[in-house]
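S.K.: The structure file my_file.pdb (PDB, C-alpha atoms) is provided below.
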ATOM      1  CA  MET F 171      74.267   1.179  -4.894
ATOM      2  CA  ARG F 172      70.872   1.890  -3.362
ATOM      3  CA  GLU F 173      70.820   5.252  -1.626
ATOM      4  CA  ASN F 174      68.537   4.174   1.220
ATOM      5  CA  MET F 175      71.221   1.686   2.319
ATOM      6  CA  PHE F 176      74.249   3.951   1.878
ATOM      7  CA  THR F 177      74.508   7.553   3.066
ATOM      8  CA  GLU F 178      77.570   9.562   2.063
ATOM      9  CA  LEU F 179      79.121  11.121   5.171
ATOM     10  CA  LEU F 180      82.253  12.367   3.404
ATOM     11  CA  PRO F 181      83.686  11.791  -0.073
ATOM     12  CA  ASN F 182      84.254   8.024  -0.354
ATOM     13  CA  LEU F 183      82.979   7.393   3.197
ATOM     14  CA  TYR F 184      79.475   5.953   3.536
ATOM     15  CA  PHE F 185      77.204   5.045   6.411
ATOM     16  CA  VAL F 186      75.712   1.578   5.859
ATOM     17  CA  GLU F 187      72.260   1.135   7.387
ATOM     18  CA  GLY F 188      71.611  -2.431   8.441
ATOM     19  CA  GLU F 189      68.313  -4.249   8.151
ATOM     20  CA  LEU F 190      65.623  -3.148  10.636
ATOM     21  CA  GLY F 191      67.404   0.192  10.822
ATOM     22  CA  GLY F 192      70.375  -1.536  12.416
ATOM     23  CA  ARG F 193      68.407  -2.923  15.337
ATOM     24  CA  PHE F 194      69.661  -6.185  16.870
ATOM     25  CA  PRO F 195      70.448  -8.773  15.503
ATOM     26  CA  TYR F 196      71.725  -6.413  12.789
ATOM     27  CA  CYS F 197      73.991  -3.390  13.001
ATOM     28  CA  ASN F 198      74.901  -0.296  11.048
ATOM     29  CA  GLY F 199      78.433   0.315   9.859
ATOM     30  CA  LEU F 200      80.682   2.220   7.494
ATOM     31  CA  MET F 201      82.058   1.576   4.022
ATOM     32  CA  ILE F 202      85.124   3.270   2.599
ATOM     33  CA  ASP F 203      85.249   3.084  -1.188
ATOM     34  CA  ALA F 204      88.557   4.763  -1.986
ATOM     35  CA  GLU F 205      91.985   3.367  -2.850
ATOM     36  CA  ALA F 206      90.977   0.429  -0.682
ATOM     37  CA  LYS F 207      87.496  -0.903  -0.019
ATOM     38  CA  VAL F 208      86.883  -1.149   3.714
ATOM     39  CA  LEU F 209      83.930  -2.191   5.860
ATOM     40  CA  VAL F 210      83.476  -1.220   9.477
ATOM     41  CA  ASP F 211      81.553  -4.162  10.974
ATOM     42  CA  THR F 212      79.549  -6.566   8.825
ATOM     43  CA  GLY F 213      76.296  -7.434  10.577
ATOM     44  CA  TYR F 214      74.145  -5.523   8.107
ATOM     45  CA  GLY F 215      71.966  -8.379   6.868
ATOM     46  CA  HIS F 216      72.035 -10.411   3.654
ATOM     47  CA  ASP F 217      70.599  -7.853   1.224
ATOM     48  CA  ARG F 218      73.176  -5.236   2.210
ATOM     49  CA  ILE F 219      76.007  -7.749   2.070
ATOM     50  CA  GLU F 220      74.947  -8.956  -1.374
ATOM     51  CA  GLU F 221      74.848  -5.367  -2.603
ATOM     52  CA  ILE F 222      78.379  -4.761  -1.303
ATOM     53  CA  ILE F 223      79.683  -8.001  -2.854
ATOM     54  CA  ARG F 224      78.269  -6.929  -6.229
ATOM     55  CA  SER F 225      80.076  -3.601  -5.974
ATOM     56  CA  GLY F 226      83.557  -5.143  -5.795
ATOM     57  CA  GLN F 227      86.057  -6.929  -3.584
ATOM     58  CA  VAL F 228      86.392  -5.831   0.045
ATOM     59  CA  ASP F 229      90.019  -5.440   1.131
ATOM     60  CA  VAL F 230      89.713  -4.785   4.873
ATOM     61  CA  ILE F 231      87.137  -5.337   7.611
ATOM     62  CA  ILE F 232      87.482  -3.304  10.813
ATOM     63  CA  ASN F 233      85.487  -4.831  13.663
ATOM     64  CA  THR F 234      84.620  -2.311  16.361
ATOM     65  CA  HIS F 235      84.285  -5.244  18.784
ATOM     66  CA  TYR F 236      83.722  -8.989  18.816
ATOM     67  CA  HIS F 237      79.917  -9.242  19.267
ATOM     68  CA  LEU F 238      78.156 -11.440  16.732
ATOM     69  CA  ASP F 239      75.767  -8.760  15.481
ATOM     70  CA  HIS F 240      78.895  -6.887  14.340
ATOM     71  CA  VAL F 241      81.078  -9.703  12.997
ATOM     72  CA  PHE F 242      78.670 -12.365  11.724
ATOM     73  CA  GLY F 243      79.022 -11.104   8.144
ATOM     74  CA  ASN F 244      82.830 -11.390   8.150
ATOM     75  CA  LYS F 245      82.562 -14.891   6.676
ATOM     76  CA  TYR F 246      81.044 -13.535   3.443
ATOM     77  CA  PHE F 247      84.284 -11.669   2.638
ATOM     78  CA  PRO F 248      86.945 -14.418   2.850
ATOM     79  CA  GLN F 249      89.580 -12.375   0.985
ATOM     80  CA  ALA F 250      89.336  -9.396   3.357
ATOM     81  CA  LYS F 251      91.915  -8.735   6.044
ATOM     82  CA  ILE F 252      90.322  -8.368   9.489
ATOM     83  CA  TRP F 253      91.459  -5.675  11.904
ATOM     84  CA  ALA F 254      90.373  -5.333  15.531
ATOM     85  CA  HIS F 255      91.614  -3.868  18.794
ATOM     86  CA  THR F 256      94.252  -5.909  20.612
ATOM     87  CA  LEU F 257      91.986  -6.512  23.626
ATOM     88  CA  ASP F 258      89.108  -7.943  21.574
ATOM     89  CA  ALA F 259      91.232  -9.917  19.120
ATOM     90  CA  PRO F 260      91.327 -13.074  21.315
ATOM     91  CA  ALA F 261      87.517 -13.323  21.358
ATOM     92  CA  LEU F 262      87.482 -13.119  17.556
ATOM     93  CA  ARG F 263      90.252 -15.661  17.085
ATOM     94  CA  SER F 264      88.854 -18.339  19.383
ATOM     95  CA  VAL F 265      85.372 -19.621  20.229
ATOM     96  CA  GLU F 266      86.701 -20.610  23.652
ATOM     97  CA  GLN F 267      87.867 -17.043  24.280
ATOM     98  CA  PHE F 268      84.530 -15.719  23.013
ATOM     99  CA  GLN F 269      82.847 -17.833  25.677
ATOM    100  CA  ALA F 270      85.292 -16.641  28.326
ATOM    101  CA  TYR F 271      84.735 -12.978  27.427
ATOM    102  CA  THR F 272      80.953 -13.244  27.319
ATOM    103  CA  GLY F 273      80.148 -15.919  29.863
ATOM    104  CA  LEU F 274      78.006 -17.612  27.225
ATOM    105  CA  ASN F 275      78.309 -21.369  26.840
ATOM    106  CA  GLU F 276      76.473 -23.988  24.815
ATOM    107  CA  THR F 277      73.504 -23.799  27.211
ATOM    108  CA  LEU F 278      73.069 -20.032  27.230
ATOM    109  CA  GLY F 279      73.569 -19.185  23.602
ATOM    110  CA  PRO F 280      73.989 -17.429  21.246
ATOM    111  CA  ASP F 281      70.541 -17.962  19.733
ATOM    112  CA  PRO F 282      71.021 -20.254  16.686
ATOM    113  CA  LEU F 283      67.965 -18.711  15.011
ATOM    114  CA  LEU F 284      69.736 -15.344  14.975
ATOM    115  CA  PHE F 285      73.295 -16.574  14.406
ATOM    116  CA  PRO F 286      73.278 -20.016  12.742
ATOM    117  CA  GLY F 287      76.425 -21.881  13.633
ATOM    118  CA  GLY F 288      77.287 -19.464  16.424
ATOM    119  CA  PRO F 289      80.633 -17.693  16.766
ATOM    120  CA  SER F 290      83.427 -18.395  14.307
ATOM    121  CA  SER F 291      87.190 -18.204  14.621
ATOM    122  CA  TYR F 292      88.779 -15.463  12.509
ATOM    123  CA  GLU F 293      92.360 -14.675  11.682
ATOM    124  CA  ILE F 294      93.086 -11.145  12.883
ATOM    125  CA  ASP F 295      95.552  -9.591  10.465
ATOM    126  CA  GLU F 296      96.171  -6.360  12.355
ATOM    127  CA  GLU F 297      95.676  -5.481  16.009
ATOM    128  CA  LEU F 298      94.668  -1.871  16.574
ATOM    129  CA  GLU F 299      95.579   0.450  19.436
ATOM    130  CA  ASP F 300      94.230   3.731  20.723
ATOM    131  CA  GLY F 301      95.410   6.656  18.608
ATOM    132  CA  ASP F 302      96.238   4.627  15.500
ATOM    133  CA  VAL F 303      95.500   6.543  12.308
ATOM    134  CA  LEU F 304      94.182   4.271   9.563
ATOM    135  CA  TRP F 305      94.989   5.629   6.101
ATOM    136  CA  PHE F 306      92.982   4.511   3.092
ATOM    137  CA  GLY F 307      94.088   7.022   0.503
ATOM    138  CA  SER F 308      91.620   9.898   0.545
ATOM    139  CA  VAL F 309      89.997   8.699   3.786
ATOM    140  CA  SER F 310      91.699   8.340   7.150
ATOM    141  CA  LEU F 311      90.178   7.462  10.521
ATOM    142  CA  GLN F 312      91.595   7.679  14.028
ATOM    143  CA  VAL F 313      91.087   4.769  16.423
ATOM    144  CA  ILE F 314      89.484   5.834  19.707
ATOM    145  CA  HIS F 315      89.627   3.062  22.304
ATOM    146  CA  THR F 316      86.290   3.115  24.133
ATOM    147  CA  PRO F 317      86.281   0.121  26.503
ATOM    148  CA  GLY F 318      83.391  -0.912  28.714
ATOM    149  CA  HIS F 319      80.911  -2.528  26.365
ATOM    150  CA  THR F 320      83.788  -4.891  25.579
ATOM    151  CA  PRO F 321      87.461  -4.578  26.590
ATOM    152  CA  GLY F 322      88.566  -3.628  23.065
ATOM    153  CA  HIS F 323      85.563  -1.685  21.788
ATOM    154  CA  ILE F 324      86.609   1.154  19.479
ATOM    155  CA  ALA F 325      85.116   4.242  17.888
ATOM    156  CA  LEU F 326      86.486   5.765  14.668
ATOM    157  CA  PHE F 327      86.941   9.522  14.240
ATOM    158  CA  GLU F 328      87.623  11.804  11.287
ATOM    159  CA  PRO F 329      88.863  14.892  13.178
ATOM    160  CA  LYS F 330      88.804  17.442  10.329
ATOM    161  CA  SER F 331      85.094  16.977   9.656
ATOM    162  CA  GLY F 332      84.135  15.878  13.163
ATOM    163  CA  VAL F 333      82.499  12.671  11.881
ATOM    164  CA  LEU F 334      82.513  10.000  14.583
ATOM    165  CA  PHE F 335      81.396   6.383  14.328
ATOM    166  CA  SER F 336      80.700   5.425  17.926
ATOM    167  CA  GLY F 337      79.855   1.735  17.561
ATOM    168  CA  ASP F 338      77.761   0.460  20.438
ATOM    169  CA  ILE F 339      77.883   3.715  22.302
ATOM    170  CA  ASP F 340      74.725   3.974  20.286
ATOM    171  CA  LEU F 341      72.263   6.351  22.000
ATOM    172  CA  SER F 342      69.635   3.602  21.921
ATOM    173  CA  PRO F 343      66.566   4.055  24.166
ATOM    174  CA  PHE F 344      67.625   0.916  26.052
ATOM    175  CA  GLY F 345      70.836   2.616  27.103
ATOM    176  CA  PRO F 346      74.343   1.238  27.630
ATOM    177  CA  TRP F 347      74.752  -2.542  27.572
ATOM    178  CA  TYR F 348      77.409  -4.272  29.696
ATOM    179  CA  GLY F 349      76.053  -7.796  30.036
ATOM    180  CA  ASN F 350      79.253  -9.735  29.310
ATOM    181  CA  LEU F 351      81.556 -11.005  32.042
ATOM    182  CA  ARG F 352      84.373  -8.786  30.766
ATOM    183  CA  SER F 353      82.267  -5.686  30.284
ATOM    184  CA  ASP F 354      83.257  -2.862  32.635
ATOM    185  CA  LEU F 355      80.737  -0.343  33.961
ATOM    186  CA  GLU F 356      83.195   2.354  35.033
ATOM    187  CA  MET F 357      85.224   2.139  31.827
ATOM    188  CA  PHE F 358      81.994   2.435  29.834
ATOM    189  CA  MET F 359      81.111   5.667  31.632
ATOM    190  CA  GLU F 360      84.586   7.081  31.006
ATOM    191  CA  SER F 361      84.395   6.120  27.315
ATOM    192  CA  ILE F 362      81.160   8.070  26.882
ATOM    193  CA  ARG F 363      82.769  11.092  28.556
ATOM    194  CA  ARG F 364      85.696  10.787  26.159
ATOM    195  CA  LEU F 365      83.367  10.932  23.152
ATOM    196  CA  ILE F 366      81.614  13.985  24.611
ATOM    197  CA  ASN F 367      85.000  15.711  24.868
ATOM    198  CA  LEU F 368      85.706  15.021  21.186
ATOM    199  CA  LYS F 369      82.792  17.354  20.336
ATOM    200  CA  PRO F 370      81.759  15.444  17.213
ATOM    201  CA  LYS F 371      79.706  17.262  14.600
ATOM    202  CA  VAL F 372      78.193  14.076  13.161
ATOM    203  CA  LEU F 373      77.647  10.944  15.232
ATOM    204  CA  ALA F 374      76.963   7.683  13.414
ATOM    205  CA  THR F 375      76.045   4.734  15.620
ATOM    206  CA  SER F 376      75.716   0.979  15.293
ATOM    207  CA  HIS F 377      72.057   0.750  16.246
ATOM    208  CA  SER F 378      70.499   4.238  16.170
ATOM    209  CA  GLY F 379      71.582   5.736  12.884
ATOM    210  CA  ILE F 380      73.057   9.175  12.242
ATOM    211  CA  VAL F 381      72.779  12.014  14.763
ATOM    212  CA  THR F 382      73.567  15.618  13.826
ATOM    213  CA  ASP F 383      71.834  17.684  16.522
ATOM    214  CA  ASN F 384      72.371  18.082  20.279
ATOM    215  CA  ILE F 385      75.101  15.433  20.248
ATOM    216  CA  PRO F 386      76.751  16.332  23.612
ATOM    217  CA  GLU F 387      73.368  16.506  25.339
ATOM    218  CA  ARG F 388      72.274  13.183  23.881
ATOM    219  CA  LEU F 389      75.515  11.502  24.924
ATOM    220  CA  LYS F 390      75.079  12.918  28.440
ATOM    221  CA  GLU F 391      71.520  11.588  28.555
ATOM    222  CA  TYR F 392      72.845   8.187  27.508
ATOM    223  CA  LEU F 393      75.503   8.409  30.240
ATOM    224  CA  ASN F 394      72.826   9.283  32.811
ATOM    225  CA  LYS F 395      71.241   5.845  32.292
ATOM    226  CA  PHE F 396      73.907   4.452  34.605
ATOM    227  CA  GLU F 397      72.831   6.757  37.419
ATOM    228  CA  LEU F 398      69.131   6.057  36.848
ATOM    229  CA  ARG F 399      69.746   2.317  37.098
ATOM    230  CA  GLU F 400      71.857   2.855  40.204
ATOM    231  CA  GLU F 401      69.042   4.815  41.836
ATOM    232  CA  GLN F 402      66.528   2.079  41.027
ATOM    233  CA  ILE F 403      68.784  -0.563  42.545
ATOM    234  CA  LEU F 404      69.283   1.514  45.704
ATOM    235  CA  GLN F 405      65.516   1.950  46.022
ATOM    236  CA  GLN F 406      65.118  -1.821  45.916
ATOM    237  CA  LEU F 407      67.786  -2.276  48.580
ATOM    238  CA  GLY F 408      65.988  -0.431  51.351
ATOM    239  CA  VAL F 409      65.296  -4.021  52.365
ATOM    240  CA  SER F 410      68.049  -6.598  51.844
ATOM    241  CA  LYS F 411      67.717  -8.732  48.747
ATOM    242  CA  THR F 412      69.534 -11.580  47.040
ATOM    243  CA  ILE F 413      70.828 -11.201  43.518
ATOM    244  CA  GLU F 414      67.993 -13.453  42.319
ATOM    245  CA  GLU F 415      65.403 -11.169  43.917
ATOM    246  CA  LEU F 416      66.977  -8.140  42.245
ATOM    247  CA  VAL F 417      67.007  -9.891  38.867
ATOM    248  CA  ASP F 418      63.302 -10.670  39.314
ATOM    249  CA  ARG F 419      62.655  -6.897  39.528
ATOM    250  CA  ARG F 420      63.784  -6.500  35.888
ATOM    251  CA  ILE F 421      65.405  -3.152  36.639
ATOM    252  CA  ILE F 422      67.396  -3.008  33.395
ATOM    253  CA  TYR F 423      65.447  -5.107  30.881
ATOM    254  CA  HIS F 424      61.908  -4.446  32.207
ATOM    255  CA  ARG F 425      60.862  -7.661  30.462
ATOM    256  CA  PHE F 426      62.823 -10.731  29.408
ATOM    257  CA  PRO F 427      62.465 -11.743  25.752
ATOM    258  CA  GLU F 428      62.911 -15.358  24.718
ATOM    259  CA  PRO F 429      65.094 -17.200  25.447
ATOM    260  CA  GLU F 430      64.369 -15.889  28.950
ATOM    261  CA  LYS F 431      67.329 -17.614  30.608
ATOM    262  CA  LEU F 432      69.726 -15.729  28.330
ATOM    263  CA  TYR F 433      68.275 -12.337  29.164
ATOM    264  CA  ARG F 434      68.103 -13.178  32.871
ATOM    265  CA  PHE F 435      71.820 -13.927  32.608
ATOM    266  CA  PHE F 436      72.490 -10.518  31.017
ATOM    267  CA  GLU F 437      70.369  -8.797  33.677
ATOM    268  CA  GLU F 438      72.246 -10.569  36.459
ATOM    269  CA  VAL F 439      75.652  -9.677  35.006
ATOM    270  CA  MET F 440      74.721  -5.987  34.738
ATOM    271  CA  VAL F 441      73.100  -5.839  38.175
ATOM    272  CA  ARG F 442      76.180  -7.467  39.716
ATOM    273  CA  LYS F 443      78.401  -4.840  38.089
ATOM    274  CA  HIS F 444      76.250  -2.105  39.629
ATOM    275  CA  LEU F 445      76.397  -3.791  43.039
ATOM    276  CA  GLN F 446      80.194  -4.055  42.866
ATOM    277  CA  TYR F 447      80.362  -0.359  41.933
ATOM    278  CA  LEU F 448      77.979   0.641  44.743
ATOM    279  CA  ILE F 449      79.940  -1.414  47.267
ATOM    280  CA  ARG F 450      83.154   0.369  46.220
ATOM    281  CA  GLN F 451      81.357   3.683  46.691
ATOM    282  CA  GLY F 452      80.239   2.687  50.185
ATOM    283  CA  LYS F 453      76.548   2.835  49.302
ATOM    284  CA  VAL F 454      75.755  -0.895  49.566
ATOM    285  CA  TYR F 455      77.042  -3.751  51.688
ATOM    286  CA  GLU F 456      76.817  -7.525  51.282
ATOM    287  CA  SER F 457      76.095 -10.008  54.069
ATOM    288  CA  ASN F 458      75.356 -13.725  53.603
ATOM    289  CA  GLN F 459      74.831 -13.218  49.863
ATOM    290  CA  ARG F 460      72.227 -10.512  50.498
ATOM    291  CA  PHE F 461      72.645  -6.869  49.558
ATOM    292  CA  LYS F 462      71.363  -3.793  51.364
ATOM    293  CA  ALA F 463      71.806  -0.054  51.007
ATOM    294  CA  PHE F 464      73.468   1.837  53.848
TER
END
If you convert what's in this file into structure tokens, what do you get?
M.R.:
Amino acid sequence: MRENMFTELLPNLYFVEGELGGRFPYCNGLMIDAEAKVLVDTGYGHDRIEEIIRSGQVDVIINTHYHLDHVFGNKYFPQAKIWAHTLDAPALRSVEQFQAYTGLNETLGPDPLLFPGGPSSYEIDEELEDGDVLWFGSVSLQVIHTPGHTPGHIALFEPKSGVLFSGDIDLSPFGPWYGNLRSDLEMFMESIRRLINLKPKVLATSHSGIVTDNIPERLKEYLNKFELREEQILQQLGVSKTIEELVDRRIIYHRFPEPEKLYRFFEEVMVRKHLQYLIRQGKVYESNQRFKAF
């Protein structure tokens, strides 16, 4: 296998770098090549998938969550068993549940140029829970439930070596993403704190590669994005504004790529989650569908 695609993290455990360095619409993942052959997520891109297919049959796919950039490659491994957290399994099993979890419908997306055919229905062979230890002969990984990005988002941890695959707690410059209806801002913050407390020695992420230095500080900086966005929203609410006026400020996205209506939807979902949080904290109030800081 080509070394620039596969980086050995531990014996028989490899980091798989997706196309474009794992940037959306691709992702990075893991491959276990031990007594069983296991993939963690499958949105690597066609050249990586073809390379893996040539190297032998895949037995198990572990999806860290249900997003298409992580599961779109599942269909290329029809013999593999698919494992996912209990709370995300419904969105993988059913297109209707995918739409309910995300808020996306036929009008909003997903973009058919990025994901031809859209979401698929998969049979989930095993539902995972927090604390499960997944044994694959010489490699074992502990399931760390890290909700927020999605209800059933998971990280995978090898405690002896301190290697952690953090999924979409990814240290990307954009920061945390919680633009689905069932994303949860406060749970996301708590999940990042949980990973900090694990004190990982190696952090492999879905979209930003492998991190080996200043991991706690970089996770804290990622966590601080929530507070920075909160401050920007409060600055805007010195004068009362509607949700549409706040979305127009592009506080989170800064610019809306095409299709613009999709990214406006994501912006609105995330801004609303901040407003709900700020209202609970007593920092913002709502009157006649307008929001203002106290």
S.K.: One decimal, in Å: what's the spacing between CA of Leu284 (chain F) and CA of Val265 (chain F)?
M.R.: 17.0 Å
S.K.: Just say which residues the PyMOL selection byres ((chain F and resi 347) around 9) picks in this file, as a list in words.
M.R.: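 Evaluating the PyMOL selection byres ((chain F and resi 347) around 9) on this file yields Gly318, His319, Asp338, Ile339, Phe344, Gly345, Pro346, Tyr348, Gly349, Asn350, Ser353, Phe436 and Met440 of chain F.
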S.K.: Which value, in Å to one decimal, gives the distance between CA of Leu389 (chain F) and CA of Leu304 (chain F)?
M.R.: 25.2 Å
S.K.: Using CA of Leu365 (chain F) and CA of Glu328 (chain F) as the two end points, give the distance in Å to one decimal.
M.R.: 12.6 Å
S.K.: Expand the PyMOL selection byres ((chain F and resi 233) around 6) into the individual residues it matches in the shown file, reporting them as a PDB file with C-alpha atoms, in the frame of the given file.
M.R.:
ATOM      1  CA  VAL F 210      83.476  -1.220   9.477  1.00  0.00           C
ATOM      2  CA  ASP F 211      81.553  -4.162  10.974  1.00  0.00           C
ATOM      3  CA  ILE F 232      87.482  -3.304  10.813  1.00  0.00           C
ATOM      4  CA  THR F 234      84.620  -2.311  16.361  1.00  0.00           C
ATOM      5  CA  HIS F 235      84.285  -5.244  18.784  1.00  0.00           C
ATOM      6  CA  ALA F 254      90.373  -5.333  15.531  1.00  0.00           C
TER       7      ALA F 254
END
S.K.: With all atoms listed in the file as the basis for distance, which of F:Tyr271, F:Phe285, F:Ser310, F:Gly301 is at the shortest distance from Glu205 (chain F)?
M.R.: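 Closest to Glu205 (chain F), using all atoms listed in the file: F:Ser310.
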S.K.: Exactly which residues make up the result of the PyMOL selection byres ((chain F and resi 454) around 12) on this file, given as number ranges by chain?
M.R.: F: 400-401, 403-411, 442, 444-453, 455-457, 460-464
